[in-house]
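Q: If it helps, the file is called start30.pdb and holds PDB, C-alpha atoms:
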```pdb
ATOM      1  CA  HIS Q1414     -14.894  38.305  -0.116  1.00  0.00           C
ATOM      2  CA  PRO Q1415     -14.486  34.546   0.647  1.00  0.00           C
ATOM      3  CA  ASN Q1416     -17.415  34.418   3.100  1.00  0.00           C
ATOM      4  CA  ASN Q1417     -19.893  35.824   0.599  1.00  0.00           C
ATOM      5  CA  LEU Q1418     -22.395  32.995   0.031  1.00  0.00           C
ATOM      6  CA  GLU Q1419     -23.937  34.782  -2.941  1.00  0.00           C
ATOM      7  CA  SER Q1420     -20.827  34.042  -4.992  1.00  0.00           C
ATOM      8  CA  ILE Q1421     -21.443  30.283  -4.759  1.00  0.00           C
ATOM      9  CA  ASP Q1422     -23.832  28.897  -7.349  1.00  0.00           C
ATOM     10  CA  ILE Q1423     -25.260  25.923  -5.461  1.00  0.00           C
ATOM     11  CA  SER Q1424     -27.900  25.001  -8.022  1.00  0.00           C
ATOM     12  CA  SER Q1425     -25.309  24.676 -10.779  1.00  0.00           C
ATOM     13  CA  SER Q1426     -23.097  22.445  -8.630  1.00  0.00           C
ATOM     14  CA  TYR Q1427     -26.095  20.309  -7.656  1.00  0.00           C
ATOM     15  CA  ASN Q1428     -27.154  19.897 -11.290  1.00  0.00           C
ATOM     16  CA  GLN Q1429     -23.632  18.896 -12.281  1.00  0.00           C
ATOM     17  CA  PHE Q1430     -23.542  16.337  -9.463  1.00  0.00           C
ATOM     18  CA  ILE Q1431     -26.920  14.868 -10.462  1.00  0.00           C
ATOM     19  CA  THR Q1432     -25.855  14.680 -14.120  1.00  0.00           C
ATOM     20  CA  MET Q1433     -22.654  12.894 -13.133  1.00  0.00           C
ATOM     21  CA  ALA Q1434     -24.537  10.469 -10.893  1.00  0.00           C
ATOM     22  CA  TYR Q1435     -26.977   9.572 -13.669  1.00  0.00           C
ATOM     23  CA  SER Q1436     -24.175   9.117 -16.184  1.00  0.00           C
ATOM     24  CA  LEU Q1437     -22.580   6.624 -13.768  1.00  0.00           C
ATOM     25  CA  HIS Q1438     -25.926   4.878 -13.323  1.00  0.00           C
ATOM     26  CA  TYR Q1439     -25.442   2.752 -16.434  1.00  0.00           C
ATOM     27  CA  LEU Q1440     -22.708   0.156 -16.158  1.00  0.00           C
ATOM     28  CA  PRO Q1441     -22.336  -2.250 -19.082  1.00  0.00           C
ATOM     29  CA  PRO Q1442     -23.293  -5.819 -18.203  1.00  0.00           C
ATOM     30  CA  VAL Q1443     -20.518  -8.369 -17.808  1.00  0.00           C
ATOM     31  CA  LYS Q1444     -21.146 -11.999 -16.948  1.00  0.00           C
ATOM     32  CA  PRO Q1445     -20.219 -12.798 -13.349  1.00  0.00           C
ATOM     33  CA  SER Q1446     -18.477 -15.962 -14.544  1.00  0.00           C
ATOM     34  CA  ALA Q1447     -16.247 -13.843 -16.792  1.00  0.00           C
ATOM     35  CA  ILE Q1448     -15.367 -11.578 -13.855  1.00  0.00           C
ATOM     36  CA  ALA Q1449     -14.625 -14.594 -11.639  1.00  0.00           C
ATOM     37  CA  LEU Q1450     -12.456 -16.286 -14.265  1.00  0.00           C
ATOM     38  CA  GLY Q1451     -10.552 -13.097 -15.052  1.00  0.00           C
ATOM     39  CA  THR Q1452     -10.009 -12.425 -11.357  1.00  0.00           C
ATOM     40  CA  ILE Q1453      -8.680 -15.958 -10.829  1.00  0.00           C
ATOM     41  CA  PHE Q1454      -6.054 -15.360 -13.523  1.00  0.00           C
ATOM     42  CA  ASN Q1455      -5.291 -11.726 -12.666  1.00  0.00           C
ATOM     43  CA  HIS Q1456      -5.077 -11.967  -8.872  1.00  0.00           C
ATOM     44  CA  PRO Q1457      -2.010 -14.277  -8.673  1.00  0.00           C
ATOM     45  CA  ALA Q1458      -0.073 -11.911 -10.923  1.00  0.00           C
ATOM     46  CA  SER Q1459      -0.871  -9.052  -8.564  1.00  0.00           C
ATOM     47  CA  LEU Q1460       0.151 -11.152  -5.576  1.00  0.00           C
ATOM     48  CA  ALA Q1461       3.447 -12.087  -7.221  1.00  0.00           C
ATOM     49  CA  ILE Q1462       4.359  -8.410  -7.303  1.00  0.00           C
ATOM     50  CA  MET Q1463       3.702  -8.206  -3.560  1.00  0.00           C
ATOM     51  CA  ALA Q1464       5.708 -11.362  -2.728  1.00  0.00           C
ATOM     52  CA  PRO Q1465       8.329  -9.460  -0.686  1.00  0.00           C
ATOM     53  CA  LEU Q1466       5.599  -8.053   1.562  1.00  0.00           C
ATOM     54  CA  PHE Q1467       4.101 -11.492   2.133  1.00  0.00           C
ATOM     55  CA  GLY Q1468       7.553 -13.031   2.671  1.00  0.00           C
ATOM     56  CA  ASP Q1469       8.363 -10.497   5.396  1.00  0.00           C
ATOM     57  CA  THR Q1470       4.973 -11.114   6.943  1.00  0.00           C
ATOM     58  CA  TYR Q1471       5.558 -14.875   6.921  1.00  0.00           C
ATOM     59  CA  HIS Q1472       8.912 -14.470   8.691  1.00  0.00           C
ATOM     60  CA  ARG Q1473       7.301 -12.164  11.252  1.00  0.00           C
ATOM     61  CA  ALA Q1474       4.619 -14.790  11.890  1.00  0.00           C
ATOM     62  CA  GLN Q1475       7.302 -17.409  12.534  1.00  0.00           C
ATOM     63  CA  ARG Q1476       9.036 -15.130  15.070  1.00  0.00           C
ATOM     64  CA  ALA Q1477       5.828 -14.257  16.926  1.00  0.00           C
ATOM     65  CA  ASN Q1478       5.306 -15.809  20.338  1.00  0.00           C
ATOM     66  CA  SER Q1479       1.684 -16.656  19.572  1.00  0.00           C
ATOM     67  CA  SER Q1480      -0.738 -16.501  16.691  1.00  0.00           C
ATOM     68  CA  GLU Q1481      -2.811 -13.914  18.586  1.00  0.00           C
ATOM     69  CA  GLU Q1482       0.227 -11.656  18.911  1.00  0.00           C
ATOM     70  CA  PHE Q1483       0.887 -11.901  15.195  1.00  0.00           C
ATOM     71  CA  LEU Q1484      -2.742 -11.326  14.204  1.00  0.00           C
ATOM     72  CA  LYS Q1485      -2.738  -8.072  16.203  1.00  0.00           C
ATOM     73  CA  SER Q1486       0.450  -6.841  14.514  1.00  0.00           C
ATOM     74  CA  LYS Q1487       0.702  -4.119  11.883  1.00  0.00           C
ATOM     75  CA  GLU Q1488       2.341  -6.585   9.488  1.00  0.00           C
ATOM     76  CA  ALA Q1489      -0.691  -8.880   9.548  1.00  0.00           C
ATOM     77  CA  ALA Q1490      -3.062  -5.971   8.989  1.00  0.00           C
ATOM     78  CA  SER Q1491      -0.903  -4.665   6.164  1.00  0.00           C
ATOM     79  CA  ALA Q1492      -0.729  -8.049   4.455  1.00  0.00           C
ATOM     80  CA  ALA Q1493      -4.482  -8.608   4.794  1.00  0.00           C
ATOM     81  CA  SER Q1494      -5.169  -5.145   3.426  1.00  0.00           C
ATOM     82  CA  ALA Q1495      -2.811  -5.694   0.479  1.00  0.00           C
ATOM     83  CA  TRP Q1496      -4.376  -9.079  -0.284  1.00  0.00           C
ATOM     84  CA  GLY Q1497      -7.932  -7.706  -0.148  1.00  0.00           C
ATOM     85  CA  SER Q1498      -7.083  -4.637  -2.192  1.00  0.00           C
ATOM     86  CA  SER Q1499      -5.407  -6.810  -4.782  1.00  0.00           C
ATOM     87  CA  LEU Q1500      -8.455  -9.054  -5.024  1.00  0.00           C
ATOM     88  CA  VAL Q1501     -10.869  -6.130  -5.420  1.00  0.00           C
ATOM     89  CA  GLY Q1502      -8.527  -4.418  -7.888  1.00  0.00           C
ATOM     90  CA  SER Q1503      -8.251  -7.578  -9.968  1.00  0.00           C
ATOM     91  CA  ALA Q1504     -12.032  -7.930 -10.082  1.00  0.00           C
ATOM     92  CA  LEU Q1505     -12.506  -4.271 -11.060  1.00  0.00           C
ATOM     93  CA  GLN Q1506      -9.837  -4.521 -13.739  1.00  0.00           C
ATOM     94  CA  THR Q1507     -11.466  -7.660 -15.124  1.00  0.00           C
ATOM     95  CA  TYR Q1508     -14.867  -5.959 -15.129  1.00  0.00           C
ATOM     96  CA  GLY Q1509     -13.402  -2.961 -16.960  1.00  0.00           C
ATOM     97  CA  VAL Q1510     -11.861  -5.115 -19.674  1.00  0.00           C
ATOM     98  CA  GLY Q1511     -15.085  -7.111 -20.040  1.00  0.00           C
ATOM     99  CA  ALA Q1512     -17.184  -3.945 -20.197  1.00  0.00           C
ATOM    100  CA  LEU Q1513     -14.936  -2.488 -22.907  1.00  0.00           C
ATOM    101  CA  ILE Q1514     -15.096  -5.692 -24.907  1.00  0.00           C
ATOM    102  CA  ASN Q1515     -18.895  -5.760 -24.624  1.00  0.00           C
ATOM    103  CA  ALA Q1516     -19.320  -2.033 -25.317  1.00  0.00           C
ATOM    104  CA  THR Q1517     -17.127  -2.060 -28.437  1.00  0.00           C
ATOM    105  CA  GLY Q1518     -18.584  -5.288 -29.812  1.00  0.00           C
ATOM    106  CA  THR Q1519     -15.156  -6.872 -30.065  1.00  0.00           C
ATOM    107  CA  MET Q1520     -16.435 -10.352 -29.267  1.00  0.00           C
ATOM    108  CA  THR Q1521     -19.696 -10.508 -31.204  1.00  0.00           C
ATOM    109  CA  TYR Q1522     -20.803 -13.778 -32.706  1.00  0.00           C
ATOM    110  CA  LYS Q1523     -23.074 -13.894 -35.739  1.00  0.00           C
TER     111      LYS Q1523
END
```
The structure given in the file should be rewritten as structure tokens.
A:
Amino acid sequence: HPNNLESIDISSSYNQFITMAYSLHYLPPVKPSAIALGTIFNHPASLAIMAPLFGDTYHRAQRANSSEEFLKSKEAASAASAWGSSLVGSALQTYGVGALINATGTMTYK
């Protein structure tokens, strides 16, 4: 019976959640300067892929009667969202690569 609460093992689910949360607690250290540098190189490549979106947005901005009208448009919101997502994604990707390099000892100096 789907409404039978006895069939749900809450303590087991809670323990699994806590275990997962503690396993995510440790994130390998990566220098912030390495993340910044990697993001600076990675972000333009991501933006180049989205050039058609930004080109359409630029043309829409030229056709708008006022800057306020354009800033309230869906195109402006979409372009800002794409730009921000790309920036965050580039930083996360850079962190991931740096964490893997640090965790595997690929770049150790003796």
Q: Would you pick out the contacts of Asn1455 (chain Q) at 10 Å or less, using all atoms listed in the file, so that residues sharing its chain but fewer than 6 positions from it are not included, and give the list as a JSON list (two decimals) with C-alpha atoms, keeping the file's coordinate frame?
A:
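Written output follows (out-v9.json):
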```
[["chain", "number", "residue", "atom", "x", "y", "z"],
["Q", 1449, "ALA", "CA", -14.62, -14.59, -11.64],
["Q", 1499, "SER", "CA", -5.41, -6.81, -4.78],
["Q", 1500, "LEU", "CA", -8.46, -9.05, -5.02],
["Q", 1502, "GLY", "CA", -8.53, -4.42, -7.89],
["Q", 1503, "SER", "CA", -8.25, -7.58, -9.97],
["Q", 1504, "ALA", "CA", -12.03, -7.93, -10.08],
["Q", 1506, "GLN", "CA", -9.84, -4.52, -13.74],
["Q", 1507, "THR", "CA", -11.47, -7.66, -15.12]]
```
Q: Report, in Å with one decimal, the straight-line distance from CA of Ser1494 (chain Q) to CA of Pro1465 (chain Q).
A: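 One can read the CA of Ser1494 (chain Q) to CA of Pro1465 (chain Q) distance as 14.8 Å.
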Q: Please identify all polymer residues within 12 Å of Tyr1508 (chain Q), counting only C-alpha atoms, omitting same-chain residues fewer than 5 positions from it, and present them as a tab-separated table (two decimals) with C-alpha atoms, keeping the file's coordinate frame.
A:
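Result went into around_31.tsv, see below:
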```
chain	number	residue	atom	x	y	z
Q	1440	LEU	CA	-22.71	0.16	-16.16
Q	1441	PRO	CA	-22.34	-2.25	-19.08
Q	1442	PRO	CA	-23.29	-5.82	-18.20
Q	1443	VAL	CA	-20.52	-8.37	-17.81
Q	1444	LYS	CA	-21.15	-12.00	-16.95
Q	1445	PRO	CA	-20.22	-12.80	-13.35
Q	1446	SER	CA	-18.48	-15.96	-14.54
Q	1447	ALA	CA	-16.25	-13.84	-16.79
Q	1448	ILE	CA	-15.37	-11.58	-13.86
Q	1449	ALA	CA	-14.62	-14.59	-11.64
Q	1450	LEU	CA	-12.46	-16.29	-14.26
Q	1451	GLY	CA	-10.55	-13.10	-15.05
Q	1452	THR	CA	-10.01	-12.42	-11.36
Q	1455	ASN	CA	-5.29	-11.73	-12.67
Q	1501	VAL	CA	-10.87	-6.13	-5.42
Q	1502	GLY	CA	-8.53	-4.42	-7.89
Q	1503	SER	CA	-8.25	-7.58	-9.97
Q	1513	LEU	CA	-14.94	-2.49	-22.91
Q	1514	ILE	CA	-15.10	-5.69	-24.91
Q	1515	ASN	CA	-18.90	-5.76	-24.62
Q	1516	ALA	CA	-19.32	-2.03	-25.32
```
Q: Could you work out how far CA of Leu1484 (chain Q) lies from CA of Phe1467 (chain Q), giving the answer in Å with one decimal?
A: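 Atom-to-atom, CA of Phe1467 (chain Q) to CA of Leu1484 (chain Q), that is 13.9 Å.
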Q: Between CA of Phe1454 (chain Q) and CA of Ala1474 (chain Q), what is the spacing in Å?
A: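 CA of Ala1474 (chain Q) sits 27.6 Å away from CA of Phe1454 (chain Q).
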